[in-house]
Amino acid sequence: MKLGLRIKRFFYRRIMKPNILKLYQKENAMVDRRNTIASTEQSPSRFDIPMGLIEHAEQGKPNNIMNRTTMRPMISNIKNIHKSYDSLRENSEKPKEKITDAILEEIKDFGKKHGIVNLGFTKLPHHLIFKEKAVLHDNAIVLVLEMDKDKIAKAPSRETVGMVMNTYNNLGIAANKIAKFLRNHGYSTHASHPLGGIVLYPPLASSAGLGWFGRHGLLITPEFGPRVRLAAVFTNITNLPYAEENPHSWIPKQCATCGKCIKNCPPKSLYEQPIIKENGLKTHNDSSKCFPYFTGNYGCSICIKVCPFSTTGYKKLHERVMKK
Ligand code: SF4
Ligand code: SF4
């Protein structure tokens with residue numbers, strides 16, 4: 001067996017797998033813990049990317065996501081997911097519940113310093129919590145981080161997947177820092193990492209008014225189209241300024257005349273029309289086709305690259321659609 005392959009298998013078996021199994025124990029402990037908010041019967045199952053990667057490696061299937069550029073951010077991602085659980089013990093037993101406008105502004109500034117390009121607030125619908133997972137609070141601060149434009153334009157490539165893993169890592173670090181920042185002000189928080197999160201992020205972000213779904217099932221934001229990653233901080237703060245409307249509901253009109261993501265998806269995993277599952281949630285992507293391709297082709301990202309919201313941009317497309 002080639003040295004590179006041996007290192008890869010060692011990394012997955014000896015480092016990633018035991019760490020991920022420990023994470024599952026922490027997730028299960030949240031479900032068993034008193035006063036947490038659990039998933040509902042309508043909740044979706046989480047598609048577990050880190051464990052999926054390990055299974056691919058164990059079965060000897062093509063997997064070039066794991067390479068020299070991604071190993072370090074992958075380890076850091078796992079470390080920061082652990083931290084999001086371990087830091088829960090730092091929450092005050094009698095946290096404050098009301099936030100002032102001044103602290104809200106401080107969160108936005110603090111987020112910006114850590115690369116957060118936008119954040120929004122919403123009540124977490126409990127059916128968005130993944131099956132057999134639980135969160136500490138259901139008031140959500142949703143965080144958006146940009147992915148590098150030039151590296152998305154090179155997708156799929158080693159450079160692209162390296163950038164994606166680093167974006168996950170930077171966002172996970174920012175979510176933990178924002179959770180800590182609020183704890184230091186006397187509130188209770190629970191950070192949800194962008195990789196292996198506890199909730200379905202795109203509908204949560206849409207509910208926070210941060211964008212709308214495209215036909216690729218990803219959130220389209222006004223700032224960067226689908227070229228973003230999402231995370232959240234859940235908190236006991238009861239007076240967050242929840243979004244009351246969503247100005248991006250025109251996006252399906254653009255999608256109706258486009259379909260580029262569907263045409264350009266190499267394994268044809270995107271549905272022409274989303275499927276409505278029994279739980280009422282929509283699914284746009286057949287993960288049994290996407291994931292093997294994605295794993296063998298540097299995390300793919302072609303659907304993000306070809307989307308006109310990544311290339312032409314939100315503003316121009318909005319003007320065109322409104323003129324029609
Ligand atoms: S590629 Fe076209 S159809 Fe797909 S999400 Fe983007 S705008 Fe919509
Ligand atoms: S990541 Fe690639 S395989 Fe998966 S839906 Fe997008 S284009 Fe298709």
# chains A, B, ... in the order shown; residues from 1 in each chain; ligands from 1
>>> closest_atom_pairs(of="chain A", to="ligand 1", cutoff="10 Å", atoms="only C-alpha atoms and all ligand atoms", output="JSON lines")
{"residue": "A:Trp212", "atom": "CA", "partner": "ligand 1", "partner_atom_place_in_ligand_line": "5 (S)", "distance": 9.7}
{"residue": "A:Phe213", "atom": "CA", "partner": "ligand 1", "partner_atom_place_in_ligand_line": "5 (S)", "distance": 7.3}
{"residue": "A:Gly214", "atom": "CA", "partner": "ligand 1", "partner_atom_place_in_ligand_line": "5 (S)", "distance": 3.6}
{"residue": "A:Arg215", "atom": "CA", "partner": "ligand 1", "partner_atom_place_in_ligand_line": "5 (S)", "distance": 4.3}
{"residue": "A:His216", "atom": "CA", "partner": "ligand 1", "partner_atom_place_in_ligand_line": "5 (S)", "distance": 5.0}
{"residue": "A:Gly217", "atom": "CA", "partner": "ligand 1", "partner_atom_place_in_ligand_line": "5 (S)", "distance": 7.3}
{"residue": "A:Leu218", "atom": "CA", "partner": "ligand 1", "partner_atom_place_in_ligand_line": "5 (S)", "distance": 7.4}
{"residue": "A:Leu219", "atom": "CA", "partner": "ligand 1", "partner_atom_place_in_ligand_line": "5 (S)", "distance": 8.7}
{"residue": "A:Ile220", "atom": "CA", "partner": "ligand 1", "partner_atom_place_in_ligand_line": "5 (S)", "distance": 7.6}
{"residue": "A:Gly225", "atom": "CA", "partner": "ligand 1", "partner_atom_place_in_ligand_line": "6 (Fe)", "distance": 8.3}
{"residue": "A:Pro226", "atom": "CA", "partner": "ligand 1", "partner_atom_place_in_ligand_line": "6 (Fe)", "distance": 7.9}
{"residue": "A:Ile251", "atom": "CA", "partner": "ligand 1", "partner_atom_place_in_ligand_line": "8 (Fe)", "distance": 7.4}
{"residue": "A:Pro252", "atom": "CA", "partner": "ligand 1", "partner_atom_place_in_ligand_line": "8 (Fe)", "distance": 6.9}
{"residue": "A:Lys253", "atom": "CA", "partner": "ligand 1", "partner_atom_place_in_ligand_line": "8 (Fe)", "distance": 8.6}
{"residue": "A:Gln254", "atom": "CA", "partner": "ligand 1", "partner_atom_place_in_ligand_line": "7 (S)", "distance": 5.8}
{"residue": "A:Cys255", "atom": "CA", "partner": "ligand 1", "partner_atom_place_in_ligand_line": "8 (Fe)", "distance": 3.6}
{"residue": "A:Ala256", "atom": "CA", "partner": "ligand 1", "partner_atom_place_in_ligand_line": "3 (S)", "distance": 6.5}
{"residue": "A:Thr257", "atom": "CA", "partner": "ligand 1", "partner_atom_place_in_ligand_line": "3 (S)", "distance": 7.2}
{"residue": "A:Cys258", "atom": "CA", "partner": "ligand 1", "partner_atom_place_in_ligand_line": "2 (Fe)", "distance": 4.4}
{"residue": "A:Gly259", "atom": "CA", "partner": "ligand 1", "partner_atom_place_in_ligand_line": "3 (S)", "distance": 3.7}
{"residue": "A:Lys260", "atom": "CA", "partner": "ligand 1", "partner_atom_place_in_ligand_line": "1 (S)", "distance": 4.3}
{"residue": "A:Cys261", "atom": "CA", "partner": "ligand 1", "partner_atom_place_in_ligand_line": "1 (S)", "distance": 4.0}
{"residue": "A:Ile262", "atom": "CA", "partner": "ligand 1", "partner_atom_place_in_ligand_line": "4 (Fe)", "distance": 6.4}
{"residue": "A:Lys263", "atom": "CA", "partner": "ligand 1", "partner_atom_place_in_ligand_line": "1 (S)", "distance": 8.6}
{"residue": "A:Asn264", "atom": "CA", "partner": "ligand 1", "partner_atom_place_in_ligand_line": "1 (S)", "distance": 8.7}
{"residue": "A:Cys265", "atom": "CA", "partner": "ligand 1", "partner_atom_place_in_ligand_line": "1 (S)", "distance": 10.0}
{"residue": "A:Leu270", "atom": "CA", "partner": "ligand 1", "partner_atom_place_in_ligand_line": "4 (Fe)", "distance": 9.3}
{"residue": "A:Glu272", "atom": "CA", "partner": "ligand 1", "partner_atom_place_in_ligand_line": "3 (S)", "distance": 9.3}
{"residue": "A:Ile302", "atom": "CA", "partner": "ligand 1", "partner_atom_place_in_ligand_line": "1 (S)", "distance": 9.7}
{"residue": "A:Cys303", "atom": "CA", "partner": "ligand 1", "partner_atom_place_in_ligand_line": "1 (S)", "distance": 6.5}
{"residue": "A:Ile304", "atom": "CA", "partner": "ligand 1", "partner_atom_place_in_ligand_line": "1 (S)", "distance": 7.4}
{"residue": "A:Lys305", "atom": "CA", "partner": "ligand 1", "partner_atom_place_in_ligand_line": "1 (S)", "distance": 8.6}
{"residue": "A:Val306", "atom": "CA", "partner": "ligand 1", "partner_atom_place_in_ligand_line": "1 (S)", "distance": 6.0}
{"residue": "A:Cys307", "atom": "CA", "partner": "ligand 1", "partner_atom_place_in_ligand_line": "1 (S)", "distance": 3.6}
{"residue": "A:Pro308", "atom": "CA", "partner": "ligand 1", "partner_atom_place_in_ligand_line": "7 (S)", "distance": 5.4}
{"residue": "A:Phe309", "atom": "CA", "partner": "ligand 1", "partner_atom_place_in_ligand_line": "6 (Fe)", "distance": 6.0}
{"residue": "A:Ser310", "atom": "CA", "partner": "ligand 1", "partner_atom_place_in_ligand_line": "6 (Fe)", "distance": 8.0}
{"residue": "A:Thr311", "atom": "CA", "partner": "ligand 1", "partner_atom_place_in_ligand_line": "6 (Fe)", "distance": 9.7}
{"residue": "A:Thr312", "atom": "CA", "partner": "ligand 1", "partner_atom_place_in_ligand_line": "7 (S)", "distance": 10.0}
{"residue": "A:Gly313", "atom": "CA", "partner": "ligand 1", "partner_atom_place_in_ligand_line": "7 (S)", "distance": 9.9}
{"residue": "A:Tyr314", "atom": "CA", "partner": "ligand 1", "partner_atom_place_in_ligand_line": "7 (S)", "distance": 9.6}
{"residue": "A:Leu317", "atom": "CA", "partner": "ligand 1", "partner_atom_place_in_ligand_line": "7 (S)", "distance": 9.0}
>>> write_last_selection(atoms="C-alpha atoms", output="mmCIF file, in the first residue's frame")
data_model
loop_
_atom_site.group_PDB
_atom_site.id
_atom_site.type_symbol
_atom_site.label_atom_id
_atom_site.label_comp_id
_atom_site.auth_asym_id
_atom_site.auth_seq_id
_atom_site.Cartn_x
_atom_site.Cartn_y
_atom_site.Cartn_z
ATOM 1 C CA TRP A 212 -33.493 32.195 0.355
ATOM 2 C CA PHE A 213 -32.981 28.700 -1.061
ATOM 3 C CA GLY A 214 -31.799 28.009 -4.576
ATOM 4 C CA ARG A 215 -32.592 24.872 -6.568
ATOM 5 C CA HIS A 216 -29.300 23.425 -5.282
ATOM 6 C CA GLY A 217 -30.845 23.521 -1.793
ATOM 7 C CA LEU A 218 -28.224 25.970 -0.534
ATOM 8 C CA LEU A 219 -28.912 29.338 1.023
ATOM 9 C CA ILE A 220 -28.476 32.231 -1.429
ATOM 10 C CA GLY A 225 -24.922 34.176 -3.217
ATOM 11 C CA PRO A 226 -24.401 30.523 -2.159
ATOM 12 C CA ILE A 251 -35.091 34.288 -5.776
ATOM 13 C CA PRO A 252 -37.218 31.325 -7.033
ATOM 14 C CA LYS A 253 -38.216 33.515 -10.024
ATOM 15 C CA GLN A 254 -34.548 33.634 -11.094
ATOM 16 C CA CYS A 255 -34.123 29.915 -10.410
ATOM 17 C CA ALA A 256 -37.182 29.071 -12.535
ATOM 18 C CA THR A 257 -35.422 30.346 -15.688
ATOM 19 C CA CYS A 258 -31.941 29.043 -14.854
ATOM 20 C CA GLY A 259 -31.331 25.446 -13.718
ATOM 21 C CA LYS A 260 -27.523 25.717 -14.207
ATOM 22 C CA CYS A 261 -26.768 23.895 -10.948
ATOM 23 C CA ILE A 262 -28.941 20.960 -12.044
ATOM 24 C CA LYS A 263 -27.472 20.810 -15.566
ATOM 25 C CA ASN A 264 -23.862 21.015 -14.358
ATOM 26 C CA CYS A 265 -24.030 18.578 -11.438
ATOM 27 C CA LEU A 270 -29.975 17.586 -7.923
ATOM 28 C CA GLU A 272 -35.538 19.135 -11.156
ATOM 29 C CA ILE A 302 -19.587 22.882 -8.842
ATOM 30 C CA CYS A 303 -23.191 23.819 -7.996
ATOM 31 C CA ILE A 304 -21.863 26.815 -6.017
ATOM 32 C CA LYS A 305 -19.374 27.783 -8.729
ATOM 33 C CA VAL A 306 -21.857 27.840 -11.626
ATOM 34 C CA CYS A 307 -24.725 29.557 -9.784
ATOM 35 C CA PRO A 308 -25.275 33.040 -11.304
ATOM 36 C CA PHE A 309 -25.615 34.354 -7.748
ATOM 37 C CA SER A 310 -21.904 33.492 -7.367
ATOM 38 C CA THR A 311 -20.847 34.944 -10.733
ATOM 39 C CA THR A 312 -23.258 37.710 -11.860
ATOM 40 C CA GLY A 313 -24.285 38.601 -8.310
ATOM 41 C CA TYR A 314 -27.511 39.205 -6.408
ATOM 42 C CA LEU A 317 -30.046 39.466 -11.029
#
>>> select_by_dssp(residues="range 51-256 of chain A", states="alpha helix (DSSP H)", output="MDAnalysis selection string")
chainID A and resid 51:58 68:86 101:113 149:153 158:184 201:207 251:256
>>> write_last_selection(atoms="C-alpha atoms", output="mmCIF file, in the first residue's frame")
data_model
loop_
_atom_site.group_PDB
_atom_site.id
_atom_site.type_symbol
_atom_site.label_atom_id
_atom_site.label_comp_id
_atom_site.auth_asym_id
_atom_site.auth_seq_id
_atom_site.Cartn_x
_atom_site.Cartn_y
_atom_site.Cartn_z
ATOM 1 C CA MET A 51 -18.251 9.792 9.493
ATOM 2 C CA GLY A 52 -19.101 9.393 5.794
ATOM 3 C CA LEU A 53 -15.501 10.297 4.929
ATOM 4 C CA ILE A 54 -14.197 7.697 7.370
ATOM 5 C CA GLU A 55 -16.449 4.989 5.933
ATOM 6 C CA HIS A 56 -15.220 5.828 2.428
ATOM 7 C CA ALA A 57 -11.608 5.557 3.585
ATOM 8 C CA GLU A 58 -12.289 2.238 5.363
ATOM 9 C CA ARG A 68 -2.057 17.747 3.080
ATOM 10 C CA THR A 69 -4.077 20.989 2.845
ATOM 11 C CA THR A 70 -7.103 19.688 4.754
ATOM 12 C CA MET A 71 -5.592 17.580 7.550
ATOM 13 C CA ARG A 72 -4.816 20.487 9.886
ATOM 14 C CA PRO A 73 -8.192 22.303 9.539
ATOM 15 C CA MET A 74 -10.011 18.941 9.872
ATOM 16 C CA ILE A 75 -8.313 18.261 13.206
ATOM 17 C CA SER A 76 -9.089 21.802 14.340
ATOM 18 C CA ASN A 77 -12.744 21.433 13.268
ATOM 19 C CA ILE A 78 -13.156 18.312 15.410
ATOM 20 C CA LYS A 79 -11.400 20.023 18.331
ATOM 21 C CA ASN A 80 -13.762 22.988 18.099
ATOM 22 C CA ILE A 81 -16.880 20.818 17.941
ATOM 23 C CA HIS A 82 -15.675 19.226 21.206
ATOM 24 C CA LYS A 83 -15.128 22.704 22.606
ATOM 25 C CA SER A 84 -18.714 23.723 21.757
ATOM 26 C CA TYR A 85 -19.897 20.957 24.137
ATOM 27 C CA ASP A 86 -17.156 21.176 26.769
ATOM 28 C CA ASP A 101 -29.087 47.365 22.151
ATOM 29 C CA ALA A 102 -25.510 48.236 23.062
ATOM 30 C CA ILE A 103 -24.517 44.596 23.585
ATOM 31 C CA LEU A 104 -26.324 43.598 20.387
ATOM 32 C CA GLU A 105 -24.188 46.104 18.492
ATOM 33 C CA GLU A 106 -21.122 44.771 20.264
ATOM 34 C CA ILE A 107 -21.930 41.221 19.077
ATOM 35 C CA LYS A 108 -22.123 42.446 15.486
ATOM 36 C CA ASP A 109 -18.765 44.231 15.805
ATOM 37 C CA PHE A 110 -17.236 41.264 17.601
ATOM 38 C CA GLY A 111 -18.554 38.928 14.874
ATOM 39 C CA LYS A 112 -17.061 41.160 12.143
ATOM 40 C CA LYS A 113 -13.665 41.016 13.826
ATOM 41 C CA LYS A 149 -14.407 33.655 -4.562
ATOM 42 C CA ASP A 150 -11.262 32.772 -6.546
ATOM 43 C CA LYS A 151 -10.969 29.356 -4.926
ATOM 44 C CA ILE A 152 -14.638 28.526 -5.535
ATOM 45 C CA ALA A 153 -14.054 29.475 -9.191
ATOM 46 C CA ARG A 158 -7.332 20.670 -3.970
ATOM 47 C CA GLU A 159 -7.191 24.432 -3.360
ATOM 48 C CA THR A 160 -10.982 24.669 -3.183
ATOM 49 C CA VAL A 161 -11.413 21.888 -0.651
ATOM 50 C CA GLY A 162 -8.555 23.301 1.446
ATOM 51 C CA MET A 163 -10.316 26.683 1.505
ATOM 52 C CA VAL A 164 -13.696 25.064 2.372
ATOM 53 C CA MET A 165 -12.188 23.197 5.347
ATOM 54 C CA ASN A 166 -10.500 26.387 6.521
ATOM 55 C CA THR A 167 -13.789 28.291 6.212
ATOM 56 C CA TYR A 168 -15.539 25.649 8.350
ATOM 57 C CA ASN A 169 -12.731 25.979 10.844
ATOM 58 C CA ASN A 170 -12.785 29.788 10.999
ATOM 59 C CA LEU A 171 -16.561 29.793 11.369
ATOM 60 C CA GLY A 172 -16.483 27.137 14.110
ATOM 61 C CA ILE A 173 -13.905 29.187 15.999
ATOM 62 C CA ALA A 174 -16.027 32.346 15.558
ATOM 63 C CA ALA A 175 -19.184 30.560 16.826
ATOM 64 C CA ASN A 176 -17.328 29.423 19.975
ATOM 65 C CA LYS A 177 -15.924 32.913 20.502
ATOM 66 C CA ILE A 178 -19.342 34.580 20.156
ATOM 67 C CA ALA A 179 -20.801 32.021 22.601
ATOM 68 C CA LYS A 180 -18.021 32.877 25.049
ATOM 69 C CA PHE A 181 -18.446 36.616 24.511
ATOM 70 C CA LEU A 182 -22.123 36.347 25.494
ATOM 71 C CA ARG A 183 -21.314 34.099 28.474
ATOM 72 C CA ASN A 184 -18.900 36.749 29.678
ATOM 73 C CA TYR A 201 -28.961 25.547 8.769
ATOM 74 C CA PRO A 202 -30.392 26.772 5.423
ATOM 75 C CA PRO A 203 -34.053 26.995 6.612
ATOM 76 C CA LEU A 204 -32.885 28.457 9.928
ATOM 77 C CA ALA A 205 -30.878 31.145 8.102
ATOM 78 C CA SER A 206 -33.809 31.835 5.792
ATOM 79 C CA SER A 207 -36.063 32.239 8.824
ATOM 80 C CA ILE A 251 -35.091 34.288 -5.776
ATOM 81 C CA PRO A 252 -37.218 31.325 -7.033
ATOM 82 C CA LYS A 253 -38.216 33.515 -10.024
ATOM 83 C CA GLN A 254 -34.548 33.634 -11.094
ATOM 84 C CA CYS A 255 -34.123 29.915 -10.410
ATOM 85 C CA ALA A 256 -37.182 29.071 -12.535
#
>>> residues_around(residues="Pro62 in chain A", least_positions_apart="5", cutoff="9 Å", atoms="only C-alpha atoms", output="list in words")
His56, Ala57, Pro292, Tyr293, Thr295, Gly296 and Asn297 of chain A
>>> closest_atom_pairs(of="range 21-134 of chain A", to="range 277-287 of chain A", cutoff="12 Å", atoms="only C-alpha atoms", output="tab-separated table")
residue	atom	partner	partner_atom	distance
A:Thr40	CA	A:Asn279	CA	9.9
A:Glu41	CA	A:Asn279	CA	7.7
A:Gln42	CA	A:Asn279	CA	4.5
A:Ser43	CA	A:Asn279	CA	6.9
A:Pro44	CA	A:Asn279	CA	7.5
A:Ser45	CA	A:Asn279	CA	10.7
A:Arg46	CA	A:Ser287	CA	11.2
A:Phe47	CA	A:Ser287	CA	8.1
A:Asp48	CA	A:Ser287	CA	10.7
A:Ile49	CA	A:Ser287	CA	10.5
A:Gly52	CA	A:Ser287	CA	11.0
A:His127	CA	A:Asn279	CA	8.8
A:Leu128	CA	A:Leu281	CA	9.1
A:Lys131	CA	A:Asn279	CA	11.6
>>> closest_residue(among="A:Pro194, A:Gly120, A:Pro274, A:Pro266", to="ligand 2", atoms="only C-alpha atoms and all ligand atoms")
A:Pro266
>>> closest_residue(among="A:Phe224, A:Glu245, A:Arg89, A:Pro156", to="ligand 2", atoms="only C-alpha atoms and all ligand atoms")
A:Pro156
>>> closest_residue(among="A:Pro267, A:Gly186, A:Pro50, A:Gly115", to="Tyr24 in chain A", atoms="only C-alpha atoms")
A:Pro50
>>> select_by_dssp(residues="range 22-162 of chain A", states="strand (DSSP E)", output="list in words")
Ile37, Ala38, Ile116, Val117, Asn118, Leu119, Gly120, Phe121, Thr122, Lys123, Ala134, Val135, Asn139, Ala140, Ile141, Val142, Leu143, Val144, Leu145 and Glu146 of chain A
>>> closest_residue(among="A:Ala155, A:Leu88, A:Ile275, A:Leu240", to="ligand 2", atoms="only C-alpha atoms and all ligand atoms")
A:Ala155
>>> atom_distance(atom1="CA of Lys316 in chain A", atom2="CA of Glu223 in chain A")
12.0 Å
>>> closest_residue(among="A:Ser188, A:Asn64, A:Asn118, A:Ser157", to="Lys96 in chain A", atoms="only C-alpha atoms")
A:Ser188
